[in-house]
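**Q** Next comes start-v5.cif, mmCIF, C-alpha atoms:
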```
data_model
#
loop_
_atom_site.label_atom_id
_atom_site.label_comp_id
_atom_site.auth_asym_id
_atom_site.auth_seq_id
_atom_site.Cartn_x
_atom_site.Cartn_y
_atom_site.Cartn_z
CA MET B 1 43.22 -6.10 32.51
CA ASN B 2 46.62 -7.60 31.72
CA ALA B 3 48.29 -8.78 28.50
CA THR B 4 47.23 -12.40 29.08
CA THR B 5 43.56 -11.42 29.26
CA LEU B 6 43.85 -9.34 26.09
CA ASP B 7 45.59 -12.16 24.21
CA ARG B 8 42.97 -14.68 25.30
CA ASP B 9 40.14 -12.32 24.34
CA ALA B 10 41.73 -11.58 20.97
CA LEU B 11 42.08 -15.30 20.18
CA SER B 12 38.62 -16.34 21.29
CA ALA B 13 36.25 -16.99 18.43
CA PRO B 14 32.84 -15.36 18.32
CA GLN B 15 30.26 -17.45 20.14
CA THR B 16 28.16 -19.41 17.67
CA SER B 17 25.56 -22.05 18.23
CA THR B 18 26.91 -25.57 18.02
CA ALA B 19 23.45 -27.12 17.87
CA THR B 20 22.66 -29.03 14.72
CA HIS B 21 19.05 -29.47 13.67
CA PRO B 22 18.14 -33.19 13.72
CA LEU B 23 17.16 -33.19 10.01
CA THR B 24 20.46 -31.58 9.08
CA LEU B 25 22.34 -34.12 11.18
CA TRP B 26 20.51 -37.06 9.61
CA ALA B 27 20.97 -35.70 6.09
CA GLY B 28 24.69 -35.46 6.83
CA ARG B 29 24.76 -38.99 8.18
CA ILE B 30 23.00 -40.33 5.09
CA LEU B 31 25.40 -38.53 2.71
CA THR B 32 28.34 -39.73 4.82
CA ALA B 33 27.06 -43.30 4.66
CA LEU B 34 26.69 -43.09 0.86
CA ALA B 35 30.21 -41.69 0.44
CA GLY B 36 31.61 -44.26 2.87
CA LEU B 37 29.84 -47.10 1.08
CA GLY B 38 31.30 -45.95 -2.24
CA LEU B 39 34.82 -45.73 -0.84
CA VAL B 40 34.72 -49.03 1.05
CA SER B 41 33.20 -50.95 -1.89
CA SER B 42 35.80 -49.51 -4.27
CA ALA B 43 38.60 -50.42 -1.85
CA ALA B 44 37.17 -53.94 -1.48
CA MET B 45 37.20 -54.44 -5.25
CA LYS B 46 40.84 -53.42 -5.36
CA LEU B 47 41.80 -55.63 -2.43
CA ARG B 48 39.95 -58.68 -3.81
CA HIS B 49 41.95 -58.60 -7.07
CA GLY B 50 38.96 -59.89 -9.03
CA GLU B 51 39.87 -60.96 -12.55
CA GLU B 52 37.46 -58.54 -14.24
CA PHE B 53 38.57 -55.61 -12.08
CA VAL B 54 42.25 -56.36 -12.61
CA GLY B 55 41.63 -56.41 -16.36
CA GLN B 56 39.99 -52.99 -16.18
CA TRP B 57 42.70 -51.64 -13.85
CA VAL B 58 45.53 -52.75 -16.13
CA GLY B 59 43.94 -52.70 -19.58
CA HIS B 60 41.59 -49.73 -19.41
CA LEU B 61 43.13 -47.46 -16.77
CA GLY B 62 46.74 -48.38 -17.58
CA PHE B 63 47.98 -49.03 -14.04
CA ARG B 64 50.28 -51.86 -13.01
CA GLU B 65 48.57 -54.79 -11.29
CA ALA B 66 51.15 -54.65 -8.48
CA SER B 67 49.82 -51.23 -7.41
CA LEU B 68 46.26 -52.47 -6.94
CA GLY B 69 46.64 -53.64 -3.34
CA ALA B 70 48.46 -50.51 -2.14
CA VAL B 71 45.87 -48.22 -3.73
CA GLY B 72 43.10 -50.29 -2.14
CA VAL B 73 44.71 -49.97 1.31
CA VAL B 74 45.11 -46.20 0.89
CA GLU B 75 41.47 -45.89 -0.12
CA LEU B 76 40.31 -48.03 2.80
CA VAL B 77 42.36 -45.97 5.29
CA CYS B 78 40.87 -42.75 3.87
CA ALA B 79 37.37 -44.23 4.22
CA LEU B 80 37.94 -45.38 7.80
CA LEU B 81 39.35 -42.01 8.83
CA TYR B 82 36.40 -40.27 7.14
CA LEU B 83 33.83 -42.51 8.83
CA THR B 84 35.36 -42.16 12.32
CA PRO B 85 33.87 -39.04 13.97
CA GLN B 86 37.11 -38.09 15.76
CA THR B 87 39.12 -38.11 12.51
CA SER B 88 36.40 -37.17 10.00
CA VAL B 89 37.95 -33.82 9.02
CA LEU B 90 41.35 -35.41 8.35
CA GLY B 91 39.59 -38.28 6.57
CA THR B 92 37.70 -35.85 4.36
CA LEU B 93 40.89 -34.04 3.36
CA LEU B 94 42.69 -37.30 2.57
CA THR B 95 39.66 -38.62 0.71
CA LEU B 96 39.52 -35.49 -1.43
CA ALA B 97 43.22 -35.84 -2.22
CA TYR B 98 42.70 -39.49 -3.16
CA LEU B 99 39.68 -38.63 -5.31
CA GLY B 100 41.68 -35.88 -7.01
CA GLY B 101 44.05 -38.58 -8.21
CA ALA B 102 41.12 -40.71 -9.35
CA THR B 103 39.72 -37.73 -11.25
CA ALA B 104 43.08 -37.18 -12.95
CA ALA B 105 43.25 -40.87 -13.90
CA HIS B 106 39.85 -40.67 -15.60
CA VAL B 107 40.67 -37.41 -17.39
CA ARG B 108 44.02 -38.86 -18.57
CA ILE B 109 42.27 -41.62 -20.51
CA GLY B 110 39.55 -39.31 -21.85
CA GLU B 111 36.81 -40.60 -19.55
CA SER B 112 34.31 -38.53 -17.60
CA PRO B 113 35.45 -38.02 -13.99
CA THR B 114 31.85 -37.87 -12.74
CA ALA B 115 32.10 -40.75 -10.23
CA PRO B 116 35.05 -39.45 -8.17
CA ILE B 117 33.71 -35.88 -8.28
CA VAL B 118 30.25 -36.94 -7.07
CA LEU B 119 31.84 -39.08 -4.35
CA GLY B 120 33.92 -36.09 -3.20
CA VAL B 121 30.89 -33.80 -3.14
CA LEU B 122 28.97 -36.38 -1.09
CA ALA B 123 31.87 -36.67 1.37
CA VAL B 124 32.22 -32.91 1.89
CA ALA B 125 28.46 -32.31 2.04
CA GLY B 126 28.06 -35.10 4.58
CA LEU B 127 30.77 -33.64 6.82
CA TRP B 128 29.46 -30.09 6.39
CA LEU B 129 25.96 -31.10 7.44
CA ARG B 130 27.17 -33.19 10.42
CA ASP B 131 29.82 -30.91 11.89
CA PRO B 132 28.98 -27.38 13.06
CA ARG B 133 32.70 -26.53 13.21
CA VAL B 134 32.97 -27.15 9.47
CA ARG B 135 29.85 -25.07 8.80
CA ALA B 136 31.39 -22.23 10.83
CA LEU B 137 34.63 -22.55 8.86
CA LEU B 138 32.86 -22.76 5.47
CA PRO B 139 29.61 -20.82 5.82
CA LEU B 140 27.12 -20.52 3.00
CA LYS B 141 26.32 -16.84 2.51
CA ARG B 142 22.84 -15.74 1.53
CA ALA B 143 22.69 -12.93 -1.01
#
```
Here is the file; what I need is its structure written in the form of structure tokens.

**A**
Amino acid sequence: MNATTLDRDALSAPQTSTATHPLTLWAGRILTALAGLGLVSSAAMKLRHGEEFVGQWVGHLGFREASLGAVGVVELVCALLYLTPQTSVLGTLLTLAYLGGATAAHVRIGESPTAPIVLGVLAVAGLWLRDPRVRALLPLKRA
């Protein structure tokens, strides 16, 4: 046994099953679809610049109208990365960062941040149920 073998053995992760039960996989897909639908529809509202939405964006939330398009593009990119299987982990992290800002915006004006929090929980739960690597990284422990 040489140093290379020891290093490789030390770095290898314990063997775990990568199989995902079909019901778990479908539950994850459904939650992912719901989160994706919420993100894409929100981005579409921002990108359409509808009169009612612009009024809420500027008047109620206190943002400049000029920022609406850029925020919509960021949200759409997060959604697309989240919905693409090869980039879903990165997409989830970026989506959570984006939703953290949305939560702060709601708290700043004294509004309940329920919508962005629920959307974030749906996104993480969907990924967790779909991806065995994420479940291995973030296991739920039974007491």

**Q** With all atoms listed in the file as the atoms that count, which of B:Ala125, B:Val40, B:Leu25, B:Met45 lies nearest to Val89 of chain B?

**A**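 The answer is B:Ala125, which sits nearest to Val89 of chain B.
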
**Q** Which distance in Å separates atom CA of Thr95 of chain B and atom CA of Trp128 of chain B, to one decimal?

**A**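 Atom CA of Trp128 of chain B lies at a distance of 14.5 Å from atom CA of Thr95 of chain B.
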
**Q** The PyMOL selection byres ((chain B and resi 65-77) around 6) on the file shown: which residues, as a ChimeraX atom specification?

**A** /B:40,43,46-47,64,78-80

**Q** Would you compute the distance between atom CA of Ala115 of chain B and atom CA of Arg142 of chain B? Give it in Å to one decimal.

**A**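 Rounded to one decimal, the two atoms are 29.1 Å apart.
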
**Q** Got a sec: who's within 10 Å of Pro116 of chain B, counting only C-alpha atoms, leaving out chain neighbours fewer than 5 positions off, as a PDB file with C-alpha atoms, keeping the file's coordinate frame?

**A**
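File around_1.pdb, as written:
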```pdb
ATOM      1  CA  GLY B  38      31.300 -45.950  -2.240  1.00  0.00           C
ATOM      2  CA  LEU B  39      34.820 -45.730  -0.840  1.00  0.00           C
ATOM      3  CA  LEU B  96      39.520 -35.490  -1.430  1.00  0.00           C
ATOM      4  CA  TYR B  98      42.700 -39.490  -3.160  1.00  0.00           C
ATOM      5  CA  LEU B  99      39.680 -38.630  -5.310  1.00  0.00           C
ATOM      6  CA  GLY B 100      41.680 -35.880  -7.010  1.00  0.00           C
ATOM      7  CA  GLY B 101      44.050 -38.580  -8.210  1.00  0.00           C
ATOM      8  CA  ALA B 102      41.120 -40.710  -9.350  1.00  0.00           C
ATOM      9  CA  THR B 103      39.720 -37.730 -11.250  1.00  0.00           C
ATOM     10  CA  ALA B 104      43.080 -37.180 -12.950  1.00  0.00           C
ATOM     11  CA  HIS B 106      39.850 -40.670 -15.600  1.00  0.00           C
ATOM     12  CA  VAL B 121      30.890 -33.800  -3.140  1.00  0.00           C
ATOM     13  CA  LEU B 122      28.970 -36.380  -1.090  1.00  0.00           C
TER      14      LEU B 122
END
```

**Q** Report the distance between atom CA of Arg29 of chain B and atom CA of Lys141 of chain B in Å, rounded to one decimal place.

**A**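 A separation of 22.9 Å between them.
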
**Q** Taking the file as shown, find all residues satisfying the PyMOL selection byres ((chain B and resi 35) around 8) and write them as a count of residues only.

**A** 12

**Q** Could you check the closest approach to Phe63 of chain B for each of B:Ile109, B:Val124, B:Val134, B:Leu140 and tell me which residue wins, using all atoms listed in the file?

**A**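 For Phe63 of chain B, the nearest of the candidates is B:Ile109.
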
**Q** Find, counting only C-alpha atoms, the residue in B:Ala27, B:Leu81, B:Ala105, B:Ala136 that gets nearest to Gly62 of chain B.

**A** B:Ala105

**Q** Rank B:Thr20, B:Ile117, B:Trp26, B:Leu129 by their smallest atom-to-atom distance to Ala97 of chain B, using all atoms listed in the file, and report the top residue only.

**A** B:Ile117

**Q** Could segment 114-131 of chain B be written out with N, CA and C atoms, as a PDB file, in the first residue's frame, please?

**A**
```
ATOM      1  N   THR B 114     -44.060  35.904   4.138  1.00  0.00           N
ATOM      2  CA  THR B 114     -44.490  34.516   3.958  1.00  0.00           C
ATOM      3  C   THR B 114     -44.233  33.999   2.549  1.00  0.00           C
ATOM      4  N   ALA B 115     -44.576  34.760   1.522  1.00  0.00           N
ATOM      5  CA  ALA B 115     -44.456  34.269   0.141  1.00  0.00           C
ATOM      6  C   ALA B 115     -43.020  33.891  -0.227  1.00  0.00           C
ATOM      7  N   PRO B 116     -42.018  34.762  -0.028  1.00  0.00           N
ATOM      8  CA  PRO B 116     -40.664  34.347  -0.393  1.00  0.00           C
ATOM      9  C   PRO B 116     -40.125  33.208   0.477  1.00  0.00           C
ATOM     10  N   ILE B 117     -40.541  33.153   1.736  1.00  0.00           N
ATOM     11  CA  ILE B 117     -40.081  32.065   2.605  1.00  0.00           C
ATOM     12  C   ILE B 117     -40.668  30.733   2.142  1.00  0.00           C
ATOM     13  N   VAL B 118     -41.966  30.717   1.852  1.00  0.00           N
ATOM     14  CA  VAL B 118     -42.599  29.485   1.374  1.00  0.00           C
ATOM     15  C   VAL B 118     -41.977  29.049   0.045  1.00  0.00           C
ATOM     16  N   LEU B 119     -41.731  29.987  -0.845  1.00  0.00           N
ATOM     17  CA  LEU B 119     -41.117  29.672  -2.130  1.00  0.00           C
ATOM     18  C   LEU B 119     -39.724  29.068  -1.925  1.00  0.00           C
ATOM     19  N   GLY B 120     -38.957  29.604  -1.001  1.00  0.00           N
ATOM     20  CA  GLY B 120     -37.633  29.059  -0.694  1.00  0.00           C
ATOM     21  C   GLY B 120     -37.698  27.662  -0.111  1.00  0.00           C
ATOM     22  N   VAL B 121     -38.650  27.432   0.781  1.00  0.00           N
ATOM     23  CA  VAL B 121     -38.825  26.096   1.365  1.00  0.00           C
ATOM     24  C   VAL B 121     -39.214  25.094   0.282  1.00  0.00           C
ATOM     25  N   LEU B 122     -40.116  25.486  -0.614  1.00  0.00           N
ATOM     26  CA  LEU B 122     -40.502  24.614  -1.723  1.00  0.00           C
ATOM     27  C   LEU B 122     -39.290  24.278  -2.597  1.00  0.00           C
ATOM     28  N   ALA B 123     -38.468  25.270  -2.888  1.00  0.00           N
ATOM     29  CA  ALA B 123     -37.294  25.060  -3.743  1.00  0.00           C
ATOM     30  C   ALA B 123     -36.313  24.082  -3.104  1.00  0.00           C
ATOM     31  N   VAL B 124     -36.010  24.279  -1.834  1.00  0.00           N
ATOM     32  CA  VAL B 124     -35.056  23.403  -1.155  1.00  0.00           C
ATOM     33  C   VAL B 124     -35.641  22.005  -0.981  1.00  0.00           C
ATOM     34  N   ALA B 125     -36.898  21.918  -0.580  1.00  0.00           N
ATOM     35  CA  ALA B 125     -37.527  20.607  -0.401  1.00  0.00           C
ATOM     36  C   ALA B 125     -37.586  19.843  -1.721  1.00  0.00           C
ATOM     37  N   GLY B 126     -37.886  20.543  -2.808  1.00  0.00           N
ATOM     38  CA  GLY B 126     -37.922  19.889  -4.107  1.00  0.00           C
ATOM     39  C   GLY B 126     -36.567  19.326  -4.488  1.00  0.00           C
ATOM     40  N   LEU B 127     -35.518  20.101  -4.297  1.00  0.00           N
ATOM     41  CA  LEU B 127     -34.166  19.631  -4.606  1.00  0.00           C
ATOM     42  C   LEU B 127     -33.779  18.480  -3.683  1.00  0.00           C
ATOM     43  N   TRP B 128     -34.073  18.597  -2.408  1.00  0.00           N
ATOM     44  CA  TRP B 128     -33.711  17.572  -1.425  1.00  0.00           C
ATOM     45  C   TRP B 128     -34.371  16.238  -1.774  1.00  0.00           C
ATOM     46  N   LEU B 129     -35.615  16.292  -2.173  1.00  0.00           N
ATOM     47  CA  LEU B 129     -36.317  15.050  -2.516  1.00  0.00           C
ATOM     48  C   LEU B 129     -35.838  14.448  -3.841  1.00  0.00           C
ATOM     49  N   ARG B 130     -35.400  15.279  -4.777  1.00  0.00           N
ATOM     50  CA  ARG B 130     -34.972  14.806  -6.098  1.00  0.00           C
ATOM     51  C   ARG B 130     -33.540  14.316  -6.137  1.00  0.00           C
ATOM     52  N   ASP B 131     -32.667  14.875  -5.325  1.00  0.00           N
ATOM     53  CA  ASP B 131     -31.234  14.651  -5.481  1.00  0.00           C
ATOM     54  C   ASP B 131     -30.648  13.909  -4.279  1.00  0.00           C
TER      55      ASP B 131
END
```
